file data.cif (mmCIF, C-alpha atoms (C1' of nucleotides))
data_query
#
loop_
_atom_site.label_atom_id
_atom_site.label_comp_id
_atom_site.auth_asym_id
_atom_site.auth_seq_id
_atom_site.Cartn_x
_atom_site.Cartn_y
_atom_site.Cartn_z
CA MET A 9 13.48 -32.68 4.79
CA ALA A 10 11.33 -32.12 1.82
CA VAL A 11 13.47 -29.42 0.34
CA SER A 12 11.92 -27.22 -2.31
CA ALA A 13 10.98 -28.97 -5.51
CA ARG A 14 12.50 -26.14 -7.56
CA ARG A 15 15.65 -25.60 -5.53
CA GLY A 16 18.52 -27.62 -4.22
CA ALA A 17 19.09 -26.29 -0.73
CA PRO A 18 16.64 -25.14 1.96
CA LEU A 19 16.02 -21.45 2.45
CA THR A 20 18.04 -19.47 4.96
CA LEU A 21 17.19 -16.24 6.73
CA GLU A 22 20.27 -14.60 5.27
CA GLU A 23 19.26 -15.54 1.76
CA ILE A 24 15.72 -14.31 2.27
CA SER A 25 16.66 -10.98 3.80
CA SER A 26 19.42 -10.24 1.32
CA VAL A 27 17.20 -10.86 -1.69
CA ALA A 28 14.43 -8.86 -0.04
CA LEU A 29 16.82 -5.96 0.51
CA ARG A 30 17.81 -6.12 -3.13
CA LEU A 31 14.17 -5.96 -4.17
CA ILE A 32 13.66 -2.91 -1.95
CA ASP A 33 16.77 -1.21 -3.29
CA GLU A 34 15.63 -1.82 -6.84
CA GLY A 35 11.93 -1.11 -6.66
CA GLY A 36 11.32 0.85 -3.47
CA MET A 37 9.24 -0.37 -0.59
CA GLU A 38 6.40 -1.25 -2.94
CA GLY A 39 8.82 -3.38 -4.91
CA LEU A 40 8.86 -5.90 -2.11
CA SER A 41 6.00 -8.35 -1.96
CA MET A 42 5.98 -11.81 -0.51
CA ARG A 43 5.02 -13.18 -3.88
CA LYS A 44 7.76 -11.43 -5.82
CA LEU A 45 10.28 -12.38 -3.18
CA ALA A 46 9.20 -16.01 -3.36
CA ALA A 47 9.42 -15.96 -7.16
CA GLU A 48 12.94 -14.52 -6.93
CA LEU A 49 13.86 -17.40 -4.63
CA ASN A 50 12.20 -20.01 -6.81
CA VAL A 51 9.86 -20.94 -4.04
CA ASN A 52 6.20 -20.90 -3.19
CA PRO A 53 5.04 -17.71 -1.44
CA MET A 54 3.86 -19.61 1.59
CA SER A 55 7.23 -21.24 2.10
CA LEU A 56 8.54 -17.91 3.33
CA TYR A 57 6.20 -18.08 6.28
CA HIS A 58 8.05 -21.06 7.58
CA HIS A 59 11.03 -18.80 8.21
CA VAL A 60 9.36 -15.47 8.91
CA ALA A 61 6.23 -14.72 10.90
CA SER A 62 4.92 -11.94 8.68
CA LYS A 63 5.98 -9.33 6.17
CA GLU A 64 6.43 -6.86 8.99
CA ALA A 65 8.73 -9.25 10.81
CA LEU A 66 10.68 -9.73 7.60
CA ILE A 67 11.23 -6.00 7.29
CA GLY A 68 12.37 -5.88 10.89
CA LEU A 69 14.88 -8.59 10.11
CA ILE A 70 16.16 -6.71 7.09
CA CYS A 71 16.61 -3.53 9.10
CA ALA A 72 18.47 -5.29 11.89
CA THR A 73 20.92 -7.05 9.61
CA ALA A 74 21.41 -3.97 7.46
CA ALA A 75 22.20 -1.85 10.51
CA HIS A 76 25.08 -4.16 11.39
CA HIS A 77 26.77 -3.35 8.10
CA VAL A 78 27.39 0.32 8.85
CA GLN A 79 31.12 1.00 9.03
CA LEU A 80 31.62 2.83 12.32
CA PRO A 81 34.54 5.25 12.70
CA PRO A 82 37.07 4.27 15.40
CA ASP A 83 37.03 5.93 18.81
CA ASP A 84 40.25 7.90 18.50
CA GLY A 85 40.74 11.00 20.56
CA SER A 86 39.72 13.49 17.87
CA PRO A 87 37.29 16.29 18.81
CA TRP A 88 33.59 15.48 18.82
CA GLN A 89 32.91 17.70 15.85
CA GLU A 90 35.15 15.56 13.68
CA GLN A 91 33.85 12.29 15.09
CA LEU A 92 30.26 13.36 14.57
CA ARG A 93 31.14 14.34 11.04
CA GLU A 94 32.61 10.94 10.26
CA LEU A 95 29.79 9.03 11.88
CA ALA A 96 27.23 11.07 9.98
CA LEU A 97 29.13 10.46 6.77
CA ALA A 98 29.23 6.71 7.32
CA TYR A 99 25.56 6.69 8.17
CA TYR A 100 24.82 8.91 5.20
CA ARG A 101 26.59 6.58 2.80
CA HIS A 102 24.62 3.67 4.15
CA VAL A 103 21.35 5.53 3.87
CA ARG A 104 22.18 6.47 0.29
CA ALA A 105 22.84 2.84 -0.53
CA HIS A 106 19.48 1.72 0.88
CA GLN A 107 17.34 4.80 0.59
CA SER A 108 13.92 3.25 0.44
CA LEU A 109 14.51 1.08 3.46
CA TRP A 110 15.70 3.97 5.58
CA THR A 111 12.99 6.38 4.63
CA TYR A 112 10.54 3.65 5.50
CA LEU A 113 12.35 3.28 8.78
CA GLN A 114 11.82 6.91 9.56
CA ASN A 115 8.09 6.40 9.57
CA HIS A 116 8.16 3.04 11.30
CA PRO A 117 10.58 3.55 14.15
CA GLU A 118 9.23 0.50 15.96
CA ALA A 119 11.23 -1.60 13.50
CA VAL A 120 14.49 -0.48 15.16
CA ALA A 121 13.43 -0.11 18.74
CA ASP A 122 16.73 -1.70 19.73
CA ARG A 123 18.88 1.11 21.06
CA GLN A 124 21.70 -1.29 21.90
CA MET A 125 22.87 -1.28 18.30
CA SER A 126 26.42 -0.16 17.96
CA ILE A 127 25.63 2.83 15.81
CA TRP A 128 23.46 4.33 18.53
CA GLN A 129 26.12 3.60 21.11
CA ALA A 130 28.64 5.47 19.03
CA LEU A 131 26.29 8.41 18.55
CA TYR A 132 25.55 8.57 22.28
CA ARG A 133 29.25 8.62 23.06
CA ILE A 134 29.85 11.51 20.68
CA LEU A 135 26.85 13.45 21.93
CA ARG A 136 28.13 13.09 25.48
CA LEU A 137 31.44 14.50 24.30
CA ALA A 138 29.52 17.42 22.82
CA GLY A 139 28.00 18.17 26.20
CA VAL A 140 24.49 16.90 25.58
CA PRO A 141 23.00 16.04 28.99
CA GLU A 142 22.14 12.41 29.64
CA SER A 143 18.42 13.03 29.74
CA GLU A 144 18.47 14.52 26.24
CA LEU A 145 20.54 11.82 24.56
CA ARG A 146 17.68 9.80 23.23
CA ARG A 147 15.69 12.69 21.89
CA THR A 148 18.70 14.40 20.38
CA SER A 149 19.78 11.24 18.59
CA ASP A 150 16.26 10.77 17.29
CA VAL A 151 16.28 14.25 15.83
CA LEU A 152 19.73 13.78 14.31
CA HIS A 153 18.58 10.56 12.73
CA ALA A 154 15.64 12.33 11.16
CA PHE A 155 17.98 15.11 10.15
CA VAL A 156 20.46 13.01 8.21
CA THR A 157 17.77 11.00 6.52
CA GLY A 158 16.00 14.24 5.72
CA PHE A 159 19.15 15.43 4.06
CA VAL A 160 19.10 12.43 1.79
CA VAL A 161 15.51 13.12 0.88
CA ALA A 162 16.46 16.69 0.05
CA GLU A 163 19.40 15.48 -2.02
CA THR A 164 17.19 13.16 -3.97
CA ARG A 165 14.50 15.74 -4.56
CA GLY A 166 16.62 18.62 -5.81
CA HIS A 167 18.14 17.98 -9.18
CA LEU A 168 21.66 17.58 -8.00
CA PRO A 169 24.64 18.04 -10.27
CA ASP A 170 26.54 14.83 -10.81
CA ASP A 171 29.60 16.51 -9.33
CA PRO A 172 30.50 14.53 -6.19
CA ASP A 173 32.45 17.52 -4.88
CA GLU A 174 29.34 19.62 -4.76
CA ILE A 175 27.43 16.86 -3.04
CA SER A 176 30.01 16.60 -0.32
CA ARG A 177 30.02 20.38 -0.01
CA ASP A 178 26.26 20.24 0.55
CA PHE A 179 26.76 17.58 3.15
CA ASP A 180 29.32 19.79 4.83
CA THR A 181 26.72 22.52 5.03
CA ALA A 182 24.25 20.26 6.76
CA ILE A 183 26.81 18.87 9.18
CA ARG A 184 28.04 22.32 10.05
CA LEU A 185 24.46 23.29 10.78
CA ILE A 186 24.13 20.38 13.17
CA ILE A 187 27.45 21.03 14.86
CA HIS A 188 26.74 24.71 15.34
CA GLY A 189 23.40 23.76 16.84
CA LEU A 190 24.85 21.22 19.21
CA ALA A 191 27.48 23.65 20.33
CA GLY A 192 24.67 25.46 22.11
CA PHE A 193 24.56 22.70 24.70
CA SER A 194 28.11 23.01 25.92
CA SER A 195 28.26 26.80 25.94
CA MET B 28 -27.43 15.05 -13.53
CA ALA B 29 -27.94 11.56 -12.30
CA VAL B 30 -26.96 12.26 -8.73
CA SER B 31 -26.04 9.30 -6.52
CA ALA B 32 -28.84 6.87 -5.79
CA ARG B 33 -27.86 6.77 -2.12
CA ARG B 34 -27.23 10.49 -1.58
CA GLY B 35 -29.01 13.74 -2.12
CA ALA B 36 -26.30 16.03 -3.44
CA PRO B 37 -23.42 15.37 -5.84
CA LEU B 38 -19.94 14.84 -4.45
CA THR B 39 -17.58 17.76 -4.05
CA LEU B 40 -13.80 17.80 -3.90
CA GLU B 41 -13.92 19.42 -0.48
CA GLU B 42 -16.18 16.71 0.86
CA ILE B 43 -14.00 13.96 -0.57
CA SER B 44 -10.72 15.34 0.67
CA SER B 45 -12.01 16.22 4.13
CA VAL B 46 -13.44 12.76 4.72
CA ALA B 47 -10.25 11.22 3.32
CA LEU B 48 -8.16 13.31 5.71
CA ARG B 49 -10.33 12.13 8.58
CA LEU B 50 -9.77 8.52 7.56
CA ILE B 51 -6.02 9.12 7.47
CA ASP B 52 -6.02 10.84 10.85
CA GLU B 53 -7.99 7.98 12.36
CA GLY B 54 -6.34 4.96 10.78
CA GLY B 55 -3.02 6.10 9.40
CA MET B 56 -2.08 6.02 5.75
CA GLU B 57 -3.24 2.43 5.49
CA GLY B 58 -6.60 3.48 6.83
CA LEU B 59 -7.36 5.26 3.57
CA SER B 60 -8.62 3.14 0.72
CA MET B 61 -10.80 4.18 -2.15
CA ARG B 62 -13.32 1.59 -1.12
CA LYS B 63 -13.54 2.67 2.50
CA LEU B 64 -13.68 6.29 1.45
CA ALA B 65 -16.52 5.57 -0.94
CA ALA B 66 -18.39 3.64 1.73
CA GLU B 67 -17.97 6.57 4.11
CA LEU B 68 -19.48 8.81 1.46
CA ASN B 69 -22.32 6.40 0.66
CA VAL B 70 -21.12 6.08 -2.88
CA ASN B 71 -19.74 3.51 -5.28
CA PRO B 72 -15.92 3.30 -5.26
CA MET B 73 -15.72 4.15 -8.93
CA SER B 74 -17.70 7.34 -8.47
CA LEU B 75 -14.66 8.87 -6.81
CA TYR B 76 -12.75 8.57 -10.06
CA HIS B 77 -15.07 11.04 -11.65
CA HIS B 78 -13.63 13.71 -9.36
CA VAL B 79 -10.09 12.45 -8.84
CA ALA B 80 -7.70 10.88 -11.34
CA SER B 81 -6.12 8.37 -8.96
CA LYS B 82 -5.46 7.68 -5.32
CA GLU B 83 -2.14 9.44 -5.65
CA ALA B 84 -3.84 12.51 -7.04
CA LEU B 85 -6.31 12.39 -4.19
CA ILE B 86 -3.47 12.42 -1.66
CA GLY B 87 -1.90 15.33 -3.47
CA LEU B 88 -5.21 17.17 -3.20
CA ILE B 89 -5.44 16.44 0.51
CA CYS B 90 -1.91 17.72 1.08
CA ALA B 91 -2.54 20.91 -0.85
CA THR B 92 -5.75 21.79 0.94
CA ALA B 93 -4.32 20.81 4.32
CA ALA B 94 -1.29 23.02 3.75
CA HIS B 95 -3.56 26.02 3.28
CA HIS B 96 -4.90 25.59 6.78
CA VAL B 97 -1.60 26.30 8.52
CA GLN B 98 -1.89 29.50 10.53
CA LEU B 99 1.07 31.59 9.43
CA PRO B 100 2.57 34.13 11.83
CA PRO B 101 2.34 37.75 10.63
CA ASP B 102 5.34 39.48 9.11
CA ASP B 103 6.03 41.92 11.91
CA GLY B 104 9.51 43.31 12.36
CA SER B 105 10.59 40.87 15.04
CA PRO B 106 14.02 39.17 14.73
CA TRP B 107 14.30 36.14 12.50
CA GLN B 108 14.94 33.83 15.44
CA GLU B 109 11.55 34.63 16.88
CA GLN B 110 9.77 34.48 13.55
CA LEU B 111 11.34 31.13 12.75
CA ARG B 112 10.31 29.91 16.15
CA GLU B 113 6.70 30.90 15.62
CA LEU B 114 6.54 29.48 12.12
CA ALA B 115 8.01 26.22 13.29
CA LEU B 116 5.53 26.11 16.14
CA ALA B 117 2.57 26.67 13.81
CA TYR B 118 3.89 24.05 11.45
CA TYR B 119 4.56 21.70 14.34
CA ARG B 120 1.02 22.01 15.64
CA HIS B 121 -0.33 21.24 12.22
CA VAL B 122 1.94 18.24 11.82
CA ARG B 123 0.84 16.93 15.20
CA ALA B 124 -2.78 17.25 14.15
CA HIS B 125 -2.23 15.26 10.95
CA GLN B 126 0.76 13.12 11.75
CA SER B 127 0.25 10.26 9.34
CA LEU B 128 -0.25 12.55 6.39
CA TRP B 129 2.89 14.52 7.08
CA THR B 130 5.15 11.60 7.75
CA TYR B 131 3.91 10.20 4.46
CA LEU B 132 4.73 13.53 2.89
CA GLN B 133 8.29 13.29 4.08
CA ASN B 134 8.82 10.21 1.99
CA HIS B 135 6.81 11.41 -1.00
CA PRO B 136 7.99 14.97 -1.49
CA GLU B 137 6.65 15.00 -5.03
CA ALA B 138 3.19 15.45 -3.52
CA VAL B 139 4.07 19.00 -2.51
CA ALA B 140 6.36 20.02 -5.32
CA ASP B 141 4.58 23.37 -5.33
CA ARG B 142 7.00 25.77 -3.70
CA GLN B 143 4.60 28.69 -4.23
CA MET B 144 2.63 27.70 -1.18
CA SER B 145 2.49 30.44 1.38
CA ILE B 146 4.21 28.45 4.10
CA TRP B 147 7.30 28.03 1.95
CA GLN B 148 7.23 31.69 1.02
CA ALA B 149 7.19 32.58 4.69
CA LEU B 150 10.05 30.22 5.44
CA TYR B 151 12.11 31.59 2.57
CA ARG B 152 11.60 35.12 3.82
CA ILE B 153 12.77 34.20 7.30
CA LEU B 154 15.75 32.25 6.02
CA ARG B 155 16.78 35.27 3.97
CA LEU B 156 16.59 37.33 7.12
CA ALA B 157 18.85 34.77 8.78
CA GLY B 158 21.45 35.29 6.09
CA VAL B 159 20.99 32.07 4.14
CA PRO B 160 22.22 32.71 0.60
CA GLU B 161 19.66 32.51 -2.19
CA SER B 162 21.20 29.41 -3.72
CA GLU B 163 20.80 27.49 -0.47
CA LEU B 164 17.20 28.44 0.26
CA ARG B 165 15.63 25.40 -1.23
CA ARG B 166 17.97 22.89 0.27
CA THR B 167 17.91 24.50 3.68
CA SER B 168 14.14 24.61 3.77
CA ASP B 169 14.02 20.96 2.73
CA VAL B 170 16.26 20.02 5.62
CA LEU B 171 14.29 22.12 8.08
CA HIS B 172 11.10 20.47 6.92
CA ALA B 173 12.59 17.06 7.55
CA PHE B 174 13.90 18.35 10.84
CA VAL B 175 10.59 19.51 12.30
CA THR B 176 8.72 16.46 11.11
CA GLY B 177 11.52 14.35 12.52
CA PHE B 178 10.98 16.04 15.84
CA VAL B 179 7.36 14.94 15.80
CA VAL B 180 8.42 11.39 15.06
CA ALA B 181 10.81 11.55 17.99
CA GLU B 182 8.07 12.97 20.19
CA THR B 183 5.74 10.17 19.26
CA ARG B 184 8.32 7.47 19.76
CA GLY B 185 9.62 8.43 23.18
CA HIS B 186 7.10 7.92 25.90
CA LEU B 187 6.48 11.55 26.59
CA PRO B 188 5.07 12.79 29.86
CA ASP B 189 1.66 14.30 29.44
CA ASP B 190 3.00 17.56 30.79
CA PRO B 191 2.57 20.12 27.98
CA ASP B 192 5.23 22.30 29.60
CA GLU B 193 7.85 19.64 29.12
CA ILE B 194 6.79 19.11 25.53
CA SER B 195 7.19 22.77 24.74
CA ARG B 196 10.55 22.73 26.51
CA ASP B 197 11.64 19.88 24.24
CA PHE B 198 10.47 21.83 21.26
CA ASP B 199 12.47 24.79 22.49
CA THR B 200 15.53 22.58 22.53
CA ALA B 201 15.06 21.54 18.96
CA ILE B 202 14.38 25.07 17.75
CA ARG B 203 17.39 26.42 19.56
CA LEU B 204 19.46 23.76 17.84
CA ILE B 205 18.19 24.90 14.47
CA ILE B 206 18.70 28.58 15.23
CA HIS B 207 22.22 28.06 16.49
CA GLY B 208 22.96 26.11 13.36
CA LEU B 209 21.55 28.72 11.04
CA ALA B 210 23.49 31.43 12.79
CA GLY B 211 26.55 29.93 11.16
CA PHE B 212 25.47 31.40 7.85
CA SER B 213 25.40 35.04 8.85
CA SER B 214 28.59 34.97 10.92
"C1'" DT C 28 10.89 -50.07 11.07
"C1'" DC C 29 8.18 -46.30 12.44
"C1'" DC C 30 6.98 -41.83 13.21
"C1'" DA C 31 7.59 -36.95 14.45
"C1'" DT C 32 8.68 -33.13 12.22
"C1'" DA C 33 11.13 -29.61 9.17
"C1'" DG C 34 10.35 -27.78 4.90
"C1'" DC C 35 7.53 -26.85 1.31
"C1'" DC C 36 3.31 -26.20 -1.38
"C1'" DA C 37 -1.93 -25.63 -3.29
"C1'" DT C 38 -5.96 -23.54 -2.38
"C1'" DA C 39 -8.74 -20.01 -0.77
"C1'" DC C 40 -10.28 -15.61 1.34
"C1'" DA C 41 -10.64 -10.87 1.86
"C1'" DC C 42 -8.77 -6.88 0.55
"C1'" DC C 43 -6.67 -3.43 -2.71
"C1'" DG C 44 -6.52 0.12 -7.08
"C1'" DT C 45 -8.69 0.84 -11.22
"C1'" DA C 46 -9.93 -0.24 -16.55
"C1'" DT C 47 -14.00 -0.68 -19.03
"C1'" DG C 48 -18.38 0.29 -20.32
"C1'" DG C 49 -23.17 1.28 -19.43
"C1'" DC C 50 -27.07 3.65 -17.08
"C1'" DT C 51 -29.79 8.02 -15.81
"C1'" DG C 52 -31.30 12.40 -15.91
"C1'" DA C 53 -30.47 17.48 -16.48
"C1'" DC C 54 -29.24 20.91 -19.79
"C1'" DG C 55 -28.70 23.64 -24.39
"C1'" DC C 56 -30.23 23.96 -28.98
"C1'" DT C 57 -33.17 23.84 -32.84
"C1'" DA D 1 -41.46 19.40 -28.23
"C1'" DG D 2 -37.71 16.72 -29.68
"C1'" DC D 3 -33.04 15.62 -29.54
"C1'" DG D 4 -28.11 15.19 -28.49
"C1'" DT D 5 -24.57 15.85 -25.11
"C1'" DC D 6 -22.55 14.99 -21.14
"C1'" DA D 7 -21.96 15.10 -15.94
"C1'" DG D 8 -22.51 11.94 -12.38
"C1'" DC D 9 -22.83 7.53 -10.88
"C1'" DC D 10 -22.55 2.51 -10.85
"C1'" DA D 11 -21.68 -2.92 -11.88
"C1'" DT D 12 -18.45 -5.94 -13.28
"C1'" DA D 13 -14.02 -7.62 -13.76
"C1'" DC D 14 -8.84 -8.06 -13.66
"C1'" DG D 15 -4.66 -8.54 -11.58
"C1'" DG D 16 -2.38 -7.57 -7.55
"C1'" DT D 17 -1.71 -7.93 -2.27
"C1'" DG D 18 -0.96 -10.56 2.67
"C1'" DT D 19 -1.83 -14.72 4.82
"C1'" DA D 20 -5.02 -18.69 7.15
"C1'" DT D 21 -5.60 -23.41 6.54
"C1'" DG D 22 -4.36 -27.84 5.76
"C1'" DG D 23 -1.86 -31.35 3.31
"C1'" DC D 24 2.34 -33.39 1.14
"C1'" DT D 25 7.21 -35.44 1.42
"C1'" DA D 26 11.54 -36.81 2.85
"C1'" DT D 27 14.71 -36.98 6.58
"C1'" DG D 28 16.46 -37.78 11.47
"C1'" DG D 29 16.15 -40.24 15.78
"C1'" DA D 30 14.34 -44.21 18.48
#

call {"tool": "encode", "arguments": {"input": "data.cif", "output": "structure tokens"}}
result
Amino acid sequence: MAVSARRGAPLTLEEISSVALRLIDEGGMEGLSMRKLAAELNVNPMSLYHHVASKEALIGLICATAAHHVQLPPDDGSPWQEQLRELALAYYRHVRAHQSLWTYLQNHPEAVADRQMSIWQALYRILRLAGVPESELRRTSDVLHAFVTGFVVAETRGHLPDDPDEISRDFDTAIRLIIHGLAGFSS
Amino acid sequence: MAVSARRGAPLTLEEISSVALRLIDEGGMEGLSMRKLAAELNVNPMSLYHHVASKEALIGLICATAAHHVQLPPDDGSPWQEQLRELALAYYRHVRAHQSLWTYLQNHPEAVADRQMSIWQALYRILRLAGVPESELRRTSDVLHAFVTGFVVAETRGHLPDDPDEISRDFDTAIRLIIHGLAGFSS
DNA sequence: TCCATAGCCATACACCGTATGGCTGACGCT
DNA sequence: AGCGTCAGCCATACGGTGTATGGCTATGGA
């Protein structure tokens, strides 16, 4: 059906959002523009709007698909401290890989209003284990989210040594701070 | 010296940054544009560039002057938990008053690279009291900064009751979490 | 065969930050 | 008094942005 003059196949949402994510990873949030994205796809800028309602909607799509790619730790019977640690680490790695997107996310929480996503489910489960009352789950998870992302910002700002051991030691420090804090709920 | 045709007095940095801050408070970070700001000041857009090198520099100026308006708690001899609580509360109030600016700040830490600012000095002093080793001061304060601002984001996101008592109770929760966490350093 | 429509594109509009260069009038100096 | 300097402001222009509007084309179903 009147496929692009400069391409063989029609566009797909997956193609669009993956290239857009690459642009963000490479050039920050300002590195993504509908025009640049279209150029990268060998397509007219306005063609994108046949698949996506607006730039904002596109970003929402990117966030949603990216969130599904977080590797969640299994629900074994290990203590909540350890589970929280592993979940935070998985989340942390993902945030590191797509820093610009996630720091944007922090300021535009409406883009991930969906609390049904598996990562939140996992966090809720662990927080319940830690003794956080039901009514505080949402707020606590919000703060933890800000916390981990904030850690990444701090990592990026300070001139870190290239030593990965030291980085993980720093992460330990932050996680221990969170765990100690949460322990206040159950005691 | 060839004062504006449409104004009596020449522009001042204070005037520029205060009106710019108002624009940000009213319309978010996207509500501030050099053109709108100039219109608000009854001045040609390019006139601003006589006082400010770029929009980025203007934002830096706004941040710096805004930071000076935080009411710091006095250095009485009270325990560090209480001092941290009061500092966080003062900071929190200020963040609430200028939300957009501070959430922007979280993602553009280079705008406040100046660690000589009095609020950081106060935080450092309290963290030392809490037993945080010298080498961890900077990183810890970075994380705490992200933490408190993250709390504001969480506050804004969740549909809070208008009850100020409940809000302050929530804030208590967050602060207790931080304090418990920090206690891990001295023990 | 015909036509609805999916997919794409050209044009245009209003906005943005800011480079460039020119105007005006107040000041210091001779 | 005459003159040069320069602070302060402004007009124009360039390249970028998101997207509204409307038109093209080729494919699928009837």

call {"tool": "residues_around", "arguments": {"input": "data.cif", "residues": "segment 10-22 of chain D", "least_positions_apart": "4", "cutoff": "9 Å", "atoms": "only C-alpha atoms (C1' of nucleotides)", "output": "ChimeraX atom specification"}}
result
/A:41-43,54,57,62-63 /B:31,70-74 /C:38-40,42-44,46-47,49-50

call {"tool": "write_last_selection", "arguments": {"input": "data.cif", "atoms": "C-alpha atoms (C1' of nucleotides)", "output": "CSV table (one decimal), keeping the file's coordinate frame"}}
result
chain,number,residue,atom,x,y,z
A,41,SER,CA,6.0,-8.4,-2.0
A,42,MET,CA,6.0,-11.8,-0.5
A,43,ARG,CA,5.0,-13.2,-3.9
A,54,MET,CA,3.9,-19.6,1.6
A,57,TYR,CA,6.2,-18.1,6.3
A,62,SER,CA,4.9,-11.9,8.7
A,63,LYS,CA,6.0,-9.3,6.2
B,31,SER,CA,-26.0,9.3,-6.5
B,70,VAL,CA,-21.1,6.1,-2.9
B,71,ASN,CA,-19.7,3.5,-5.3
B,72,PRO,CA,-15.9,3.3,-5.3
B,73,MET,CA,-15.7,4.2,-8.9
B,74,SER,CA,-17.7,7.3,-8.5
C,38,DT,C1',-6.0,-23.5,-2.4
C,39,DA,C1',-8.7,-20.0,-0.8
C,40,DC,C1',-10.3,-15.6,1.3
C,42,DC,C1',-8.8,-6.9,0.6
C,43,DC,C1',-6.7,-3.4,-2.7
C,44,DG,C1',-6.5,0.1,-7.1
C,46,DA,C1',-9.9,-0.2,-16.6
C,47,DT,C1',-14.0,-0.7,-19.0
C,49,DG,C1',-23.2,1.3,-19.4
C,50,DC,C1',-27.1,3.6,-17.1

call {"tool": "atom_distance", "arguments": {"input": "data.cif", "atom1": "atom CA of Ser108 of chain A", "atom2": "atom CA of Glu57 of chain B"}}
result
17.9 Å

call {"tool": "closest_residue", "arguments": {"input": "data.cif", "among": "B:Phe198, B:Tyr118, B:Trp107, B:Trp147", "to": "chain A", "atoms": "all atoms listed in the file"}}
result
B:Phe198

call {"tool": "resolve_selection", "arguments": {"input": "data.cif", "expression": "the PyMOL selection byres ((chain D) within 6 of (chain B))", "output": "list in words"}}
result
DA7, DG8 and DC9 of chain D

call {"tool": "closest_atom_pairs", "arguments": {"input": "data.cif", "of": "chain C", "to": "chain B", "cutoff": "7 Å", "atoms": "only C-alpha atoms (C1' of nucleotides)", "output": "JSON lines"}}
result
{"residue": "C:DT51", "atom": "C1'", "partner": "B:Ala29", "partner_atom": "CA", "distance": 5.3}
{"residue": "C:DG52", "atom": "C1'", "partner": "B:Ala29", "partner_atom": "CA", "distance": 5.0}
{"residue": "C:DA53", "atom": "C1'", "partner": "B:Met28", "partner_atom": "CA", "distance": 4.9}

call {"tool": "atom_distance", "arguments": {"input": "data.cif", "atom1": "atom CA of Tyr151 of chain B", "atom2": "atom CA of Leu171 of chain B"}}
result
11.2 Å

call {"tool": "resolve_selection", "arguments": {"input": "data.cif", "expression": "the PyMOL selection byres ((chain B and resi 156) around 10)", "output": "NGL selection string"}}
result
:B and (106-108 or 110-111 or 150-155 or 157-160 or 213)

call {"tool": "atom_distance", "arguments": {"input": "data.cif", "atom1": "atom CA of Val46 of chain B", "atom2": "atom CA of Thr130 of chain B"}}
result
18.9 Å

call {"tool": "closest_residue", "arguments": {"input": "data.cif", "among": "A:Ala28, A:Ala61, A:Ala46, A:Leu145", "to": "chain B", "atoms": "only C-alpha atoms"}}
result
A:Leu145

call {"tool": "resolve_selection", "arguments": {"input": "data.cif", "expression": "the PyMOL selection byres ((chain A and resi 32) around 12)", "output": "number ranges by chain"}}
result
A: 25-31, 33-42, 44-45, 67, 70-71, 105-112

call {"tool": "write_last_selection", "arguments": {"input": "data.cif", "atoms": "C-alpha atoms", "output": "mmCIF file, in the frame of the given file"}}
result
data_model
loop_
_atom_site.group_PDB
_atom_site.id
_atom_site.type_symbol
_atom_site.label_atom_id
_atom_site.label_comp_id
_atom_site.auth_asym_id
_atom_site.auth_seq_id
_atom_site.Cartn_x
_atom_site.Cartn_y
_atom_site.Cartn_z
ATOM 1 C CA SER A 25 16.660 -10.980 3.800
ATOM 2 C CA SER A 26 19.420 -10.240 1.320
ATOM 3 C CA VAL A 27 17.200 -10.860 -1.690
ATOM 4 C CA ALA A 28 14.430 -8.860 -0.040
ATOM 5 C CA LEU A 29 16.820 -5.960 0.510
ATOM 6 C CA ARG A 30 17.810 -6.120 -3.130
ATOM 7 C CA LEU A 31 14.170 -5.960 -4.170
ATOM 8 C CA ASP A 33 16.770 -1.210 -3.290
ATOM 9 C CA GLU A 34 15.630 -1.820 -6.840
ATOM 10 C CA GLY A 35 11.930 -1.110 -6.660
ATOM 11 C CA GLY A 36 11.320 0.850 -3.470
ATOM 12 C CA MET A 37 9.240 -0.370 -0.590
ATOM 13 C CA GLU A 38 6.400 -1.250 -2.940
ATOM 14 C CA GLY A 39 8.820 -3.380 -4.910
ATOM 15 C CA LEU A 40 8.860 -5.900 -2.110
ATOM 16 C CA SER A 41 6.000 -8.350 -1.960
ATOM 17 C CA MET A 42 5.980 -11.810 -0.510
ATOM 18 C CA LYS A 44 7.760 -11.430 -5.820
ATOM 19 C CA LEU A 45 10.280 -12.380 -3.180
ATOM 20 C CA ILE A 67 11.230 -6.000 7.290
ATOM 21 C CA ILE A 70 16.160 -6.710 7.090
ATOM 22 C CA CYS A 71 16.610 -3.530 9.100
ATOM 23 C CA ALA A 105 22.840 2.840 -0.530
ATOM 24 C CA HIS A 106 19.480 1.720 0.880
ATOM 25 C CA GLN A 107 17.340 4.800 0.590
ATOM 26 C CA SER A 108 13.920 3.250 0.440
ATOM 27 C CA LEU A 109 14.510 1.080 3.460
ATOM 28 C CA TRP A 110 15.700 3.970 5.580
ATOM 29 C CA THR A 111 12.990 6.380 4.630
ATOM 30 C CA TYR A 112 10.540 3.650 5.500
#

call {"tool": "closest_residue", "arguments": {"input": "data.cif", "among": "B:Thr39, B:Thr92, B:Ser162, B:Ser105", "to": "chain A", "atoms": "only C-alpha atoms"}}
result
B:Ser162
